[in-house]
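Participant: Following this line is upload24.txt, made up of compact mmCIF, C-alpha atoms and all ligand atoms:
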# COMPACT_ATOMS: atom_id res chain seq x y z
CA MET A 1 13.04 -1.16 -31.30
CA ALA A 2 15.39 -4.07 -30.60
CA GLU A 3 15.23 -5.87 -27.27
CA THR A 4 17.89 -4.85 -24.78
CA LYS A 5 20.45 -7.46 -23.65
CA SER A 6 20.44 -8.52 -20.02
CA VAL A 7 22.88 -6.33 -18.07
CA LYS A 8 24.19 -6.33 -14.51
CA ARG A 9 25.29 -2.73 -14.28
CA SER A 10 24.36 0.82 -15.16
CA ASP A 11 26.96 2.69 -17.18
CA TYR A 12 25.18 5.95 -16.44
CA ILE A 13 25.29 5.51 -12.67
CA GLU A 14 28.95 4.52 -12.86
CA TRP A 15 29.67 7.68 -14.85
CA ALA A 16 27.66 9.78 -12.39
CA LYS A 17 29.68 8.39 -9.47
CA THR A 18 33.12 8.54 -11.05
CA SER A 19 33.18 11.15 -13.82
CA SER A 20 30.41 13.71 -13.34
CA HIS A 21 32.14 15.77 -10.68
CA ALA A 22 33.52 19.16 -11.63
CA ARG A 23 34.14 22.55 -10.08
CA TYR A 24 30.93 23.74 -11.75
CA SER A 25 28.67 20.71 -11.78
CA LEU A 26 25.49 21.01 -13.79
CA ALA A 27 25.32 17.23 -14.03
CA VAL A 28 23.36 16.81 -10.82
CA SER A 29 19.57 16.43 -11.03
CA GLY A 30 18.65 16.96 -7.39
CA VAL A 31 18.39 20.04 -5.20
CA ILE A 32 21.57 20.89 -3.24
CA HIS A 33 21.92 19.00 0.00
CA TYR A 34 19.90 19.89 3.03
CA SER A 35 22.17 19.59 6.05
CA MET A 36 21.79 17.95 9.41
CA ALA A 37 22.19 21.42 10.98
CA GLU A 38 19.30 22.82 8.92
CA LEU A 39 17.17 19.81 9.78
CA GLY A 40 17.72 20.66 13.42
CA ALA A 41 17.82 17.01 14.44
CA THR A 42 19.82 16.00 17.48
CA ILE A 43 21.23 12.76 18.80
CA ASP A 44 18.01 12.34 20.80
CA ASP A 45 16.08 12.01 17.54
CA ILE A 46 17.92 8.91 16.45
CA GLU A 47 18.46 5.42 17.75
CA ILE A 48 20.49 2.58 16.30
CA SER A 49 17.80 -0.09 16.36
CA GLY A 50 14.06 -0.01 16.71
CA PRO A 51 10.74 -1.69 15.92
CA SER A 52 11.04 -1.81 12.15
CA TRP A 53 9.51 -4.98 10.76
CA TYR A 54 7.23 -4.45 7.80
CA GLY A 55 7.89 -0.74 8.11
CA TYR A 56 8.61 1.54 11.05
CA GLU A 57 5.13 2.64 12.11
CA PRO A 58 5.84 6.38 12.58
CA LEU A 59 7.49 6.49 9.15
CA GLN A 60 4.70 4.47 7.55
CA GLN A 61 2.16 6.90 9.03
CA ALA A 62 4.14 9.94 7.91
CA LEU A 63 4.54 8.64 4.34
CA ALA A 64 0.88 7.64 4.11
CA GLY A 65 -0.11 11.11 5.36
CA LYS A 66 2.18 12.86 2.92
CA CYS A 67 0.95 10.81 -0.06
CA GLY A 68 -2.73 10.85 0.95
CA VAL A 69 -3.04 7.04 1.00
CA ALA A 70 -3.66 4.32 3.58
CA VAL A 71 -0.70 2.81 5.44
CA GLU A 72 -1.40 -0.55 3.77
CA ASN A 73 -0.58 1.05 0.40
CA VAL A 74 2.90 2.16 1.46
CA VAL A 75 6.07 0.11 1.17
CA ALA A 76 9.11 1.97 2.49
CA ALA A 77 12.20 1.58 0.32
CA THR A 78 15.85 2.56 0.18
CA GLY A 79 15.38 5.52 -2.17
CA THR A 80 13.46 5.51 -5.42
CA SER A 81 16.18 3.26 -6.83
CA MET A 82 15.30 0.33 -4.61
CA ALA A 83 11.62 1.23 -4.82
CA ASN A 84 11.76 0.82 -8.61
CA PHE A 85 13.72 -2.38 -8.36
CA MET A 86 11.42 -3.97 -5.79
CA ALA A 87 8.28 -2.96 -7.66
CA MET A 88 9.66 -4.40 -10.90
CA ALA A 89 10.90 -7.56 -9.22
CA ALA A 90 7.51 -8.18 -7.60
CA ILE A 91 5.62 -7.64 -10.86
CA LEU A 92 7.83 -9.25 -13.50
CA GLU A 93 8.47 -12.93 -14.11
CA HIS A 94 11.37 -14.10 -16.23
CA GLY A 95 10.38 -13.82 -19.90
CA ASP A 96 7.61 -11.25 -19.36
CA GLU A 97 7.62 -8.12 -21.45
CA ALA A 98 8.35 -4.74 -19.91
CA VAL A 99 7.64 -1.63 -21.97
CA VAL A 100 9.87 1.26 -20.95
CA GLU A 101 9.87 4.85 -22.23
CA CYS A 102 12.72 6.10 -24.42
CA PRO A 103 14.66 8.31 -23.63
CA ALA A 104 14.94 6.67 -20.22
CA TYR A 105 16.77 6.85 -16.93
CA ASP A 106 19.11 3.92 -17.45
CA PRO A 107 18.48 1.88 -14.26
CA LEU A 108 14.82 1.45 -15.27
CA VAL A 109 15.86 -0.28 -18.48
CA SER A 110 18.77 -2.16 -16.94
CA ALA A 111 16.80 -3.40 -13.91
CA ALA A 112 13.97 -4.77 -16.09
CA SER A 113 16.54 -6.47 -18.27
CA PHE A 114 18.41 -7.83 -15.25
CA LEU A 115 15.14 -9.35 -14.00
CA GLY A 116 14.88 -11.34 -17.20
CA ALA A 117 12.21 -9.27 -18.89
CA HIS A 118 12.12 -8.69 -22.62
CA VAL A 119 12.43 -4.93 -22.66
CA LYS A 120 10.47 -3.12 -25.34
CA ARG A 121 10.42 0.60 -25.79
CA PHE A 122 8.09 3.42 -26.73
CA GLU A 123 9.38 6.80 -27.82
CA ARG A 124 8.83 10.17 -26.23
CA HIS A 125 9.62 12.49 -29.12
CA PHE A 126 11.40 15.83 -29.03
CA GLU A 127 8.94 17.05 -31.69
CA LYS A 128 6.07 16.20 -29.32
CA GLU A 129 7.78 17.90 -26.40
CA PHE A 130 8.58 14.48 -24.91
CA ARG A 131 4.93 13.85 -24.09
CA VAL A 132 3.82 10.26 -23.56
CA ASP A 133 1.74 9.30 -26.58
CA PRO A 134 -0.70 6.50 -25.64
CA ASP A 135 -0.71 5.33 -29.30
CA GLU A 136 3.04 4.71 -29.06
CA VAL A 137 2.51 2.78 -25.83
CA GLU A 138 -0.29 0.78 -27.44
CA ARG A 139 1.95 -0.20 -30.34
CA ALA A 140 4.65 -1.54 -28.00
CA VAL A 141 2.31 -3.49 -25.72
CA THR A 142 1.32 -7.13 -26.29
CA ASN A 143 -0.54 -9.75 -24.29
CA ARG A 144 2.77 -10.67 -22.68
CA THR A 145 3.39 -7.15 -21.34
CA ARG A 146 3.28 -7.07 -17.55
CA LEU A 147 4.84 -3.68 -16.90
CA ILE A 148 4.84 -0.24 -18.50
CA ALA A 149 7.42 2.14 -16.99
CA ILE A 150 7.28 5.93 -17.14
CA THR A 151 9.04 8.72 -15.29
CA ASN A 152 6.98 11.74 -14.26
CA LEU A 153 8.47 14.29 -14.47
CA HIS A 154 10.49 12.77 -17.27
CA ASN A 155 14.18 12.29 -16.65
CA PRO A 156 16.00 13.80 -18.58
CA THR A 157 13.57 16.44 -19.95
CA SER A 158 11.24 17.26 -17.00
CA ALA A 159 8.18 16.83 -19.29
CA LEU A 160 5.03 16.38 -17.21
CA VAL A 161 2.66 13.50 -17.98
CA ASP A 162 -0.90 14.71 -17.37
CA ASN A 163 -3.52 12.58 -15.66
CA GLU A 164 -5.61 12.08 -18.80
CA THR A 165 -2.63 10.54 -20.59
CA LEU A 166 -1.85 8.40 -17.56
CA ARG A 167 -5.46 7.20 -17.49
CA GLN A 168 -5.20 6.16 -21.13
CA VAL A 169 -1.97 4.28 -20.43
CA GLY A 170 -3.73 2.67 -17.45
CA GLU A 171 -6.52 1.45 -19.76
CA ILE A 172 -3.99 -0.10 -22.13
CA ALA A 173 -2.31 -1.81 -19.18
CA ARG A 174 -5.60 -3.09 -17.76
CA ARG A 175 -6.57 -4.62 -21.09
CA VAL A 176 -3.48 -6.84 -21.15
CA GLY A 177 -3.13 -7.41 -17.41
CA ALA A 178 -0.08 -5.18 -16.92
CA ARG A 179 0.84 -2.64 -14.26
CA VAL A 180 2.00 0.91 -14.86
CA LEU A 181 5.06 1.87 -12.86
CA VAL A 182 5.34 5.64 -12.57
CA ASP A 183 8.60 6.89 -11.08
CA GLU A 184 7.54 10.16 -9.47
CA VAL A 185 10.78 11.18 -7.85
CA TYR A 186 10.78 14.46 -9.82
CA LEU A 187 7.05 15.06 -9.41
CA GLU A 188 7.98 15.99 -5.84
CA ALA A 189 9.66 19.09 -7.30
CA LEU A 190 6.21 20.48 -8.17
CA PHE A 191 5.55 20.84 -4.45
CA ASP A 192 2.02 22.17 -3.88
CA GLN A 193 1.46 22.43 -7.66
CA SER A 194 1.69 18.64 -7.95
CA PRO A 195 -1.33 16.92 -9.52
CA GLY A 196 -0.79 14.10 -7.00
CA SER A 197 0.44 10.58 -7.44
CA ALA A 198 -0.77 8.44 -10.36
CA PHE A 199 -1.47 5.82 -7.69
CA HIS A 200 -4.86 7.49 -7.25
CA LEU A 201 -5.80 6.76 -10.88
CA GLY A 202 -6.44 3.04 -10.46
CA HIS A 203 -5.30 -0.35 -9.23
CA GLU A 204 -2.93 -0.95 -12.13
CA PHE A 205 -0.79 2.01 -11.05
CA VAL A 206 2.28 1.47 -8.87
CA THR A 207 4.24 4.60 -8.10
CA THR A 208 7.62 5.29 -6.57
CA GLY A 209 9.21 8.33 -5.01
CA SER A 210 11.67 9.58 -2.43
CA LEU A 211 12.87 12.70 -0.65
CA THR A 212 16.06 12.59 -2.73
CA LYS A 213 15.66 15.03 -5.60
CA ALA A 214 13.22 17.76 -4.60
CA TYR A 215 14.32 18.18 -1.00
CA GLY A 216 18.08 17.62 -1.09
CA LEU A 217 17.80 14.66 1.27
CA SER A 218 19.44 11.95 -0.81
CA GLY A 219 21.47 10.53 2.07
CA LEU A 220 18.34 9.67 4.05
CA ARG A 221 17.37 7.11 1.39
CA CYS A 222 13.75 7.83 2.30
CA GLY A 223 11.88 6.19 -0.56
CA TRP A 224 8.49 4.58 -1.00
CA ILE A 225 6.27 2.52 -3.24
CA LEU A 226 2.52 3.11 -3.42
CA ALA A 227 0.62 0.01 -4.47
CA GLU A 228 -2.71 -1.71 -3.95
CA PRO A 229 -2.60 -3.72 -0.70
CA ASP A 230 -2.02 -7.20 -2.19
CA LEU A 231 0.87 -6.02 -4.31
CA ALA A 232 2.22 -3.96 -1.41
CA LYS A 233 2.26 -7.12 0.74
CA ARG A 234 4.05 -9.06 -1.99
CA ILE A 235 6.68 -6.33 -2.22
CA TRP A 236 7.22 -6.36 1.55
CA ARG A 237 7.71 -10.14 1.42
CA LEU A 238 10.11 -9.81 -1.50
CA ASN A 239 12.03 -7.17 0.44
CA ASP A 240 12.78 -9.84 3.04
CA LEU A 241 15.24 -11.25 0.49
CA PHE A 242 16.99 -7.91 -0.04
CA GLY A 243 17.10 -5.86 3.10
CA ASN A 244 15.24 -7.42 6.00
CA ILE A 245 16.07 -4.67 8.51
CA PRO A 246 16.47 -1.08 7.31
CA ALA A 247 18.91 1.50 8.72
CA HIS A 248 16.89 2.67 11.70
CA PRO A 249 18.71 5.99 12.26
CA ALA A 250 17.72 6.93 8.70
CA GLU A 251 14.11 5.97 9.39
CA ARG A 252 14.08 8.16 12.48
CA LEU A 253 15.63 11.10 10.65
CA SER A 254 13.14 10.60 7.81
CA VAL A 255 10.29 11.04 10.28
CA VAL A 256 11.90 14.30 11.48
CA ALA A 257 12.29 15.48 7.87
CA LEU A 258 8.71 14.58 6.92
CA LYS A 259 7.43 16.66 9.85
CA LYS A 260 9.08 19.76 8.44
CA LEU A 261 8.78 18.96 4.75
CA ASP A 262 7.02 22.28 4.07
CA VAL A 263 10.03 24.23 5.28
CA ILE A 264 12.46 22.01 3.39
CA GLY A 265 10.30 22.25 0.26
CA ASN A 266 10.09 26.05 0.51
CA ARG A 267 13.84 26.33 0.47
CA ALA A 268 14.00 24.14 -2.67
CA ARG A 269 11.18 26.02 -4.34
CA ALA A 270 12.88 29.36 -3.69
CA LEU A 271 16.13 28.01 -5.14
CA LEU A 272 14.39 26.82 -8.31
CA ALA A 273 12.54 30.15 -8.62
CA ARG A 274 15.90 31.95 -8.49
CA ASN A 275 17.63 29.57 -10.89
CA ARG A 276 15.06 29.02 -13.63
CA PRO A 277 15.29 32.59 -15.01
CA LEU A 278 19.08 32.12 -15.33
CA LEU A 279 18.46 29.00 -17.40
CA ASP A 280 15.82 30.76 -19.50
CA GLN A 281 18.07 33.75 -20.19
CA PHE A 282 20.86 31.41 -21.18
CA LEU A 283 18.67 29.33 -23.50
CA ASP A 284 17.16 32.50 -25.03
CA SER A 285 20.67 33.61 -25.92
CA ARG A 286 21.68 30.38 -27.71
CA ASP A 287 20.57 29.53 -31.20
CA ASP A 288 22.85 26.47 -31.10
CA LEU A 289 20.63 24.77 -28.50
CA GLU A 290 17.04 23.63 -29.06
CA THR A 291 15.22 22.96 -25.85
CA VAL A 292 11.84 21.75 -24.73
CA ARG A 293 11.21 23.87 -21.64
CA PRO A 294 8.43 22.51 -19.47
CA GLY A 295 9.05 25.32 -16.96
CA VAL A 296 9.10 22.82 -14.09
CA GLY A 297 11.56 20.34 -12.66
CA THR A 298 15.26 20.33 -11.98
CA VAL A 299 16.71 19.38 -15.38
CA VAL A 300 16.39 20.15 -19.08
CA ALA A 301 17.85 18.30 -22.06
CA PRO A 302 18.71 20.67 -24.94
CA ARG A 303 19.57 19.35 -28.38
CA VAL A 304 22.96 20.62 -29.55
CA ARG A 305 22.45 21.81 -33.10
CA ARG A 306 26.05 22.17 -34.16
CA GLY A 307 29.09 20.06 -33.37
CA ARG A 308 29.53 16.83 -31.49
CA VAL A 309 28.19 16.47 -27.97
CA GLU A 310 31.07 14.30 -26.77
CA GLU A 311 33.56 16.92 -27.97
CA LEU A 312 31.55 19.64 -26.25
CA CYS A 313 31.45 17.71 -22.96
CA SER A 314 35.20 17.03 -23.04
CA LEU A 315 36.06 20.65 -23.79
CA LEU A 316 33.63 21.84 -21.13
CA ARG A 317 35.15 19.56 -18.54
CA ASP A 318 38.85 19.92 -19.43
CA LYS A 319 39.06 23.64 -20.16
CA TYR A 320 36.02 25.10 -18.41
CA GLU A 321 35.85 22.82 -15.33
CA THR A 322 32.15 22.29 -15.89
CA SER A 323 30.08 19.14 -16.27
CA VAL A 324 26.74 18.35 -17.85
CA VAL A 325 25.42 14.86 -18.62
CA PRO A 326 26.22 13.67 -22.15
CA GLY A 327 22.94 12.67 -23.79
CA ARG A 328 24.21 9.23 -24.77
CA PHE A 329 23.44 8.09 -21.22
CA PHE A 330 19.79 8.84 -21.98
CA GLU A 331 19.83 7.37 -25.51
CA MET A 332 19.83 10.87 -27.00
CA PRO A 333 23.37 11.41 -28.26
CA ASP A 334 22.66 14.86 -29.75
CA HIS A 335 21.55 16.23 -26.38
CA ILE A 336 23.03 17.25 -23.06
CA ARG A 337 21.24 17.29 -19.71
CA ILE A 338 21.62 20.41 -17.60
CA GLY A 339 20.70 20.40 -13.91
CA ILE A 340 19.51 23.69 -12.46
CA ALA A 341 18.98 22.87 -8.78
CA CYS A 342 22.55 23.60 -7.72
CA ASP A 343 23.74 26.68 -5.91
CA THR A 344 22.72 29.81 -7.90
CA GLU A 345 26.28 31.14 -8.28
CA MET A 346 27.41 27.75 -9.54
CA LEU A 347 24.60 27.64 -12.07
CA ALA A 348 25.43 31.13 -13.35
CA ALA A 349 29.12 30.29 -13.69
CA GLY A 350 28.43 26.88 -15.22
CA LEU A 351 26.06 28.28 -17.84
CA GLU A 352 28.55 31.01 -18.73
CA ARG A 353 31.19 28.36 -19.23
CA LEU A 354 28.85 26.19 -21.26
CA GLY A 355 28.23 29.21 -23.49
CA ALA A 356 31.97 29.78 -23.87
CA ALA A 357 32.56 26.14 -24.82
CA LEU A 358 29.72 26.25 -27.37
CA ASP A 359 31.18 29.47 -28.82
CA GLU A 360 34.63 27.93 -29.05
CA LEU A 361 33.33 24.85 -30.85
CA GLY A 362 31.18 27.02 -33.09
CA ARG A 363 34.23 29.06 -34.15
CA ALA A 364 36.20 25.88 -34.82
CA SER A 365 33.53 24.30 -37.05
C1 LIG A 401 14.10 8.84 -12.54
C2 LIG A 401 14.94 8.54 -11.34
N1 LIG A 401 14.51 7.63 -10.45
C3 LIG A 401 15.22 7.33 -9.36
C4 LIG A 401 16.42 7.95 -9.08
C5 LIG A 401 17.17 7.60 -7.85
O1 LIG A 401 16.50 8.09 -6.74
P1 LIG A 401 17.02 7.76 -5.26
O2 LIG A 401 18.28 8.54 -5.07
O3 LIG A 401 15.92 8.19 -4.37
O4 LIG A 401 17.28 6.31 -5.20
C6 LIG A 401 16.91 8.90 -9.98
C7 LIG A 401 18.22 9.55 -9.75
O5 LIG A 401 18.81 10.14 -10.62
C8 LIG A 401 16.15 9.21 -11.14
O6 LIG A 401 16.58 10.10 -12.00
Please, can you express the file's structure as structure tokens?
Ligand SMILES: Cc1ncc(COP(=O)(O)O)c(C=O)c1O
Facilitator:
Amino acid sequence: MAETKSVKRSDYIEWAKTSSHARYSLAVSGVIHYSMAELGATIDDIEISGPSWYGYEPLQQALAGKCGVAVENVVAATGTSMANFMAMAAILEHGDEAVVECPAYDPLVSAASFLGAHVKRFERHFEKEFRVDPDEVERAVTNRTRLIAITNLHNPTSALVDNETLRQVGEIARRVGARVLVDEVYLEALFDQSPGSAFHLGHEFVTTGSLTKAYGLSGLRCGWILAEPDLAKRIWRLNDLFGNIPAHPAERLSVVALKKLDVIGNRARALLARNRPLLDQFLDSRDDLETVRPGVGTVVAPRVRRGRVEELCSLLRDKYETSVVPGRFFEMPDHIRIGIACDTEMLAAGLERLGAALDELGRAS
């Protein structure tokens, strides 16, 4: 695949901020917001400033405990977004090669490009249920590759990458002296079924995550990087250029949230258990959509078999007040991405409307 040009923006994120909103929004990938009232935090739990230098110790401890790692492996970050950026920036030098999955969450590609990397790609194929194929990774990697980037679960399909595959990718990386960045923000949505972070698979693994998607806590910006201690130190030092002092009230609230993460996770798990059958019934009823259904995660990315996706998305938005993500933002123009972690009534109404729009386009073609 051709190298990507250096960019200083993400068209997908701009679309998500400005154009994804609708009365029935199935464009969102995270669980509906968890509120301050539900968290039960009070003014006494927060403070404006505090001892946060290379991490706020109670938060560092809580994250290390949650991830089953030592504190020296944890770098706190402003969401998975900044975690990805900092990890990439610490690993990549200008002119290095970065090998990124395709389809991909756009900021992963754009950030590597912005950092001056030559971005190469490996495919995750629909026909192979969007699995990571180590042979495809091998073909894209050269002696100049310093980073291989994967999402697990995959955004936009929720495909799970198993540990054996990750190990094989780790071996490829080790051979050429590269790191494997695994964005695990959606792995959190497996809750106690999670196989655990790829960080545990070896030194070449650097993983990122946050409380954003699975817990409905996006506003806390509670993100993290797990890395071997030397790299973790380098990332902390690099962070001095970006952030220096984090928002301490958010750190304090993150500690409160991490203490009751089981409760917050149970609410999300119950929501997904209610919503997934609605999605399955809908997909069962549509022969105009072809979908890989991993049965986990918060999103799916069906292929639209008839008609044009852009036309479908416009009709859906304009007439049916419903939004999904057009696949072009994930380099899969024949697909749409549907989020299922919204309010159950909204999901039911949104899917009904999606069905009506597909029917209307089907009649017209
Ligand atoms: C794969 C992936 N990583 C990171 C993020 C951003 O996470 P955060 O809100 O924690 O920065 C997203 C959001 O859509 C995502 O899909």
Participant: With only C-alpha atoms and all ligand atoms counted, collect every polymer residue having an atom within 9 Å of ligand LIG 401 (chain A); state the result as a VMD selection string.
Facilitator: chain A and resid 13 28 to 30 77 to 84 104 to 108 150 to 156 183 to 186 208 to 213 217 to 224
Participant: I'd like the contact shell of Tyr215 in chain A - 9 Å cut-off, all atoms listed in the file, skipping same-chain residues fewer than 5 positions apart - returned as a compact mmCIF listing (two decimals) with C-alpha atoms, keeping the file's coordinate frame.
Facilitator:
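So selection.txt came out as:
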# COMPACT_ATOMS: atom_id res chain seq x y z
CA GLY A 30 18.65 16.96 -7.39
CA VAL A 31 18.39 20.04 -5.20
CA ILE A 32 21.57 20.89 -3.24
CA HIS A 33 21.92 19.00 0.00
CA TYR A 34 19.90 19.89 3.03
CA GLU A 188 7.98 15.99 -5.84
CA ALA A 189 9.66 19.09 -7.30
CA LEU A 261 8.78 18.96 4.75
CA ILE A 264 12.46 22.01 3.39
CA GLY A 265 10.30 22.25 0.26
CA ARG A 267 13.84 26.33 0.47
CA ALA A 268 14.00 24.14 -2.67
Participant: Any idea what the distance is between CA of Pro249 in chain A and CA of Glu47 in chain A?
Facilitator: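 It comes out at 5.5 Å.
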Participant: Report, in Å with one decimal, the straight-line distance from CA of Lys260 in chain A to CA of Ala62 in chain A.
Facilitator: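 Spanning CA of Lys260 in chain A to CA of Ala62 in chain A is a straight-line distance of 11.0 Å.
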Participant: Pick out the residues sitting within 9 Å of Arg276 in chain A, and hand them over as a PDB file with C-alpha atoms, in the coordinates of the input; count only C-alpha atoms, and ignore anything fewer than 5 positions along from it in its own chain.
Facilitator:
ATOM      1  CA  LEU A 271      16.130  28.010  -5.140  1.00  0.00           C
ATOM      2  CA  GLN A 281      18.070  33.750 -20.190  1.00  0.00           C
ATOM      3  CA  GLY A 295       9.050  25.320 -16.960  1.00  0.00           C
ATOM      4  CA  VAL A 296       9.100  22.820 -14.090  1.00  0.00           C
ATOM      5  CA  THR A 298      15.260  20.330 -11.980  1.00  0.00           C
ATOM      6  CA  ILE A 340      19.510  23.690 -12.460  1.00  0.00           C
ATOM      7  CA  ALA A 341      18.980  22.870  -8.780  1.00  0.00           C
TER       8      ALA A 341
END
Participant: Which one of A:Leu166, A:Val182, A:Cys67, A:Leu241 sits closest to Ala89 in chain A if you count only C-alpha atoms?
Facilitator: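 Using only C-alpha atoms, the shortest distance to Ala89 in chain A belongs to A:Leu241.
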Participant: Could you put an axis-aligned box around every listed atom of range 126-129 of chain A, padded by 3 Å on each side, and send me its centre and edge lengths in Å to one decimal, as AutoDock Vina command-line options?
Facilitator:
--center_x 8.7 --center_y 16.9 --center_z -29.0 --size_x 11.3 --size_y 8.1 --size_z 11.3
Participant: Taking all atoms listed in the file into account, name the residue in A:Phe114, A:Trp15, A:Tyr24, A:Phe330 that is nearest to Thr344 in chain A.
Facilitator: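 Result for the nearest residue to Thr344 in chain A: A:Tyr24.
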Participant: Between A:Thr145, A:Thr157, A:Ser6, A:Ser254, which has the minimum distance to Gly327 in chain A (counting all atoms listed in the file)?
Facilitator: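 Looking at the shortest contact to Gly327 in chain A, the residue is A:Thr157.
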Participant: Around the point (37.5, 30.4, -18.5), in the coordinates given by the file, pick out the residues reaching within 8 Å, counting all atoms listed in the file, and return them as a ChimeraX atom specification.
Facilitator: /A:319-320,353,356
Participant: Need to verify the contact set: Arg234 in chain A, 12 Å, all atoms listed in the file, exclusion of same-chain residues closer than 3 positions in sequence. Can you return it as a list in words?
Facilitator: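 My list of contacting residues is Tyr54, Glu72, Asn73, Val74, Val75, Met86, Ala87, Met88, Ala89, Ala90, Ile91, Ile225, Ala227, Glu228, Pro229, Asp230, Leu231, Arg237, Leu238, Asn239, Asp240 and Leu241 of chain A.
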Participant: For Ala247 in chain A, which residue out of A:Leu347, A:Ala117, A:Ala76, A:Ala270 is the nearest one, using only C-alpha atoms?
Facilitator: A:Ala76
Participant: Quick one: distance from CA of Leu92 in chain A to CA of Ala64 in chain A in Å, one decimal?
Facilitator: 25.4 Å
Participant: Which residues, written as a list in words, have at least one atom at most 10 Å from Asp192 in chain A, with only C-alpha atoms counted and residues fewer than 6 positions away on the same chain left out?
Facilitator: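 Final neighbour list, sorted by chain and number: Asp262, Gly265, Asn266 and Arg269 of chain A.
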